[in-house]
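Source file model.pdb; content: PDB, C-alpha atoms.
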ATOM      1  CA  ASN A   1       5.933  49.279  36.914  1.00  0.00           C
ATOM      2  CA  GLN A   2       7.317  50.695  33.698  1.00  0.00           C
ATOM      3  CA  ASN A   3       9.860  47.877  33.251  1.00  0.00           C
ATOM      4  CA  ALA A   4       7.114  45.241  33.432  1.00  0.00           C
ATOM      5  CA  PHE A   5       5.132  47.155  30.777  1.00  0.00           C
ATOM      6  CA  PHE A   6       8.198  47.324  28.517  1.00  0.00           C
ATOM      7  CA  ARG A   7       8.891  43.568  28.922  1.00  0.00           C
ATOM      8  CA  CYS A   8       5.260  42.791  28.114  1.00  0.00           C
ATOM      9  CA  ARG A   9       5.373  45.028  25.036  1.00  0.00           C
ATOM     10  CA  VAL A  10       8.635  43.494  23.779  1.00  0.00           C
ATOM     11  CA  ASN A  11       7.288  39.970  24.349  1.00  0.00           C
ATOM     12  CA  SER A  12       4.084  40.743  22.452  1.00  0.00           C
ATOM     13  CA  GLN A  13       6.129  42.175  19.562  1.00  0.00           C
ATOM     14  CA  ARG A  14       8.250  39.013  19.457  1.00  0.00           C
ATOM     15  CA  LEU A  15       5.132  36.835  19.482  1.00  0.00           C
ATOM     16  CA  PHE A  16       3.660  38.952  16.670  1.00  0.00           C
ATOM     17  CA  SER A  17       6.809  38.467  14.586  1.00  0.00           C
ATOM     18  CA  PHE A  18       6.567  34.663  14.989  1.00  0.00           C
ATOM     19  CA  ARG A  19       3.093  34.772  13.431  1.00  0.00           C
ATOM     20  CA  LYS A  20       4.118  36.772  10.361  1.00  0.00           C
ATOM     21  CA  LEU A  21       5.242  34.945   7.211  1.00  0.00           C
ATOM     22  CA  PHE A  22       7.056  36.254   4.168  1.00  0.00           C
ATOM     23  CA  ILE A  23       5.377  35.115   0.946  1.00  0.00           C
ATOM     24  CA  GLY A  24       7.633  35.412  -2.108  1.00  0.00           C
ATOM     25  CA  GLY A  25       7.285  34.723  -5.799  1.00  0.00           C
ATOM     26  CA  LEU A  26       3.709  35.965  -6.027  1.00  0.00           C
ATOM     27  CA  HIS A  27       2.040  36.459  -9.389  1.00  0.00           C
ATOM     28  CA  TRP A  28       1.947  40.195 -10.156  1.00  0.00           C
ATOM     29  CA  ASN A  29      -1.851  39.962 -10.262  1.00  0.00           C
ATOM     30  CA  THR A  30      -2.283  38.334  -6.802  1.00  0.00           C
ATOM     31  CA  THR A  31      -4.250  40.536  -4.409  1.00  0.00           C
ATOM     32  CA  ALA A  32      -3.992  40.870  -0.638  1.00  0.00           C
ATOM     33  CA  GLU A  33      -7.600  39.676  -0.417  1.00  0.00           C
ATOM     34  CA  GLY A  34      -6.875  36.587  -2.528  1.00  0.00           C
ATOM     35  CA  MET A  35      -3.784  35.771  -0.504  1.00  0.00           C
ATOM     36  CA  LYS A  36      -5.733  36.169   2.740  1.00  0.00           C
ATOM     37  CA  ALA A  37      -8.546  33.935   1.472  1.00  0.00           C
ATOM     38  CA  TYR A  38      -6.057  31.242   0.488  1.00  0.00           C
ATOM     39  CA  PHE A  39      -4.173  31.190   3.805  1.00  0.00           C
ATOM     40  CA  GLU A  40      -7.337  31.301   5.930  1.00  0.00           C
ATOM     41  CA  GLN A  41      -7.696  27.567   5.294  1.00  0.00           C
ATOM     42  CA  TYR A  42      -4.966  27.206   7.952  1.00  0.00           C
ATOM     43  CA  GLY A  43      -6.340  29.668  10.499  1.00  0.00           C
ATOM     44  CA  GLN A  44      -7.451  33.230  11.109  1.00  0.00           C
ATOM     45  CA  VAL A  45      -5.387  35.757   9.139  1.00  0.00           C
ATOM     46  CA  LEU A  46      -5.036  39.097  10.910  1.00  0.00           C
ATOM     47  CA  GLU A  47      -3.249  40.868   8.102  1.00  0.00           C
ATOM     48  CA  SER A  48      -2.387  40.230   4.470  1.00  0.00           C
ATOM     49  CA  THR A  49      -0.151  42.699   2.647  1.00  0.00           C
ATOM     50  CA  ILE A  50       1.257  42.800  -0.880  1.00  0.00           C
ATOM     51  CA  MET A  51       4.265  45.090  -1.217  1.00  0.00           C
ATOM     52  CA  LYS A  52       3.994  47.573  -4.087  1.00  0.00           C
ATOM     53  CA  ASP A  53       6.335  49.924  -5.891  1.00  0.00           C
ATOM     54  CA  PRO A  54       5.708  53.702  -5.933  1.00  0.00           C
ATOM     55  CA  ALA A  55       3.565  53.320  -9.068  1.00  0.00           C
ATOM     56  CA  GLY A  56       1.311  50.833  -7.260  1.00  0.00           C
ATOM     57  CA  LYS A  57       2.527  47.738  -9.132  1.00  0.00           C
ATOM     58  CA  SER A  58       3.082  44.558  -7.125  1.00  0.00           C
ATOM     59  CA  ARG A  59       6.665  43.782  -6.146  1.00  0.00           C
ATOM     60  CA  CYS A  60       5.591  40.079  -6.135  1.00  0.00           C
ATOM     61  CA  PHE A  61       6.044  39.492  -2.426  1.00  0.00           C
ATOM     62  CA  GLY A  62       4.056  40.121   0.694  1.00  0.00           C
ATOM     63  CA  PHE A  63       3.327  39.093   4.254  1.00  0.00           C
ATOM     64  CA  VAL A  64       0.581  37.163   6.045  1.00  0.00           C
ATOM     65  CA  THR A  65       0.061  37.401   9.804  1.00  0.00           C
ATOM     66  CA  PHE A  66      -1.856  34.663  11.597  1.00  0.00           C
ATOM     67  CA  SER A  67      -3.663  35.098  14.901  1.00  0.00           C
ATOM     68  CA  ASP A  68      -2.353  31.731  16.159  1.00  0.00           C
ATOM     69  CA  PRO A  69       1.379  30.960  15.867  1.00  0.00           C
ATOM     70  CA  ASN A  70       0.594  27.236  16.151  1.00  0.00           C
ATOM     71  CA  VAL A  71      -0.680  27.105  12.552  1.00  0.00           C
ATOM     72  CA  LEU A  72       2.766  27.936  11.155  1.00  0.00           C
ATOM     73  CA  ASP A  73       3.995  24.326  11.253  1.00  0.00           C
ATOM     74  CA  ALA A  74       1.106  23.240   9.023  1.00  0.00           C
ATOM     75  CA  VAL A  75       1.607  26.183   6.669  1.00  0.00           C
ATOM     76  CA  LEU A  76       5.359  25.695   6.379  1.00  0.00           C
ATOM     77  CA  SER A  77       5.034  21.965   5.707  1.00  0.00           C
ATOM     78  CA  LYS A  78       3.049  22.453   2.482  1.00  0.00           C
ATOM     79  CA  VAL A  79       3.717  23.627  -1.063  1.00  0.00           C
ATOM     80  CA  HIS A  80       1.540  26.635  -1.883  1.00  0.00           C
ATOM     81  CA  VAL A  81       0.238  27.714  -5.281  1.00  0.00           C
ATOM     82  CA  LEU A  82      -1.591  31.016  -5.621  1.00  0.00           C
ATOM     83  CA  ASP A  83      -2.907  32.206  -8.975  1.00  0.00           C
ATOM     84  CA  LYS A  84      -1.250  29.217 -10.709  1.00  0.00           C
ATOM     85  CA  LYS A  85       2.186  30.148  -9.349  1.00  0.00           C
ATOM     86  CA  GLN A  86       4.136  28.321  -6.639  1.00  0.00           C
ATOM     87  CA  VAL A  87       5.180  30.737  -3.911  1.00  0.00           C
ATOM     88  CA  SER A  88       8.006  30.531  -1.410  1.00  0.00           C
ATOM     89  CA  LEU A  89       7.724  30.994   2.336  1.00  0.00           C
TER      90      LEU A  89
END
What's the structure tokens form of this structure?
Amino acid sequence: NQNAFFRCRVNSQRLFSFRKLFIGGLHWNTTAEGMKAYFEQYGQVLESTIMKDPAGKSRCFGFVTFSDPNVLDAVLSKVHVLDKKQVSL
């Protein structure tokens, strides 16, 4: 049934969005690998992305996607410092 497939796809996209966190105020030198390594203390990180301008310079924000949405409460309840800079979630 095509409608059931569409509902399943929409639900999985919603679940994916509840596992993805905005990370702002990053140091310009923070890497996606460093950010992933830091947040893996809370659970498996599926994706870590630093947004960059056309020249390849960091825009000082990014996103982290966890495999388990249940870790978000623990992540959101803490203050996070990456590369000696407090970031905002």
Which residues match the PyMOL selection byres ((chain A and resi 59) around 10) in the file above, as a ChimeraX atom specification?
/A:24-28,50-54,56-58,60-62
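Residues with any atom within 8 Å of Phe66 of chain A, counting all atoms listed in the file and excluding same-chain neighbours fewer than 2 positions away, are Arg19, Lys20, Gly43, Gln44, Val45, Leu46, Glu47, Val64, Asp68, Pro69 and Val71 of chain A.
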I'd like the box whose edges run along x, y and z of the file and which contains every listed atom of segment 45-56 of chain A, padded by 6 Å per side; could you state its centre and edge lengths in Å, one decimal, as JSON?
{"center_x": 0.5, "center_y": 44.7, "center_z": 0.9, "size_x": 23.7, "size_y": 29.9, "size_z": 32.0}
So that I can check the surroundings of Phe63 of chain A, please list as a list in words every protein, DNA and RNA residue that reaches within 7 Å of it, counting all atoms listed in the file and ignoring chain neighbours fewer than 6 positions away.
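Using all atoms listed in the file, the neighbours found are Lys20, Leu21, Phe22, Ile23, Ser48, Thr49 and Ile50 of chain A.
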I want to know what sits within 8 Å of segment 75-83 of chain A, based on all atoms listed in the file, with residues of the same chain fewer than 6 positions away left out; could you give that as a VMD selection string?
chain A and resid 26 to 27 29 to 30 35 38 42 89
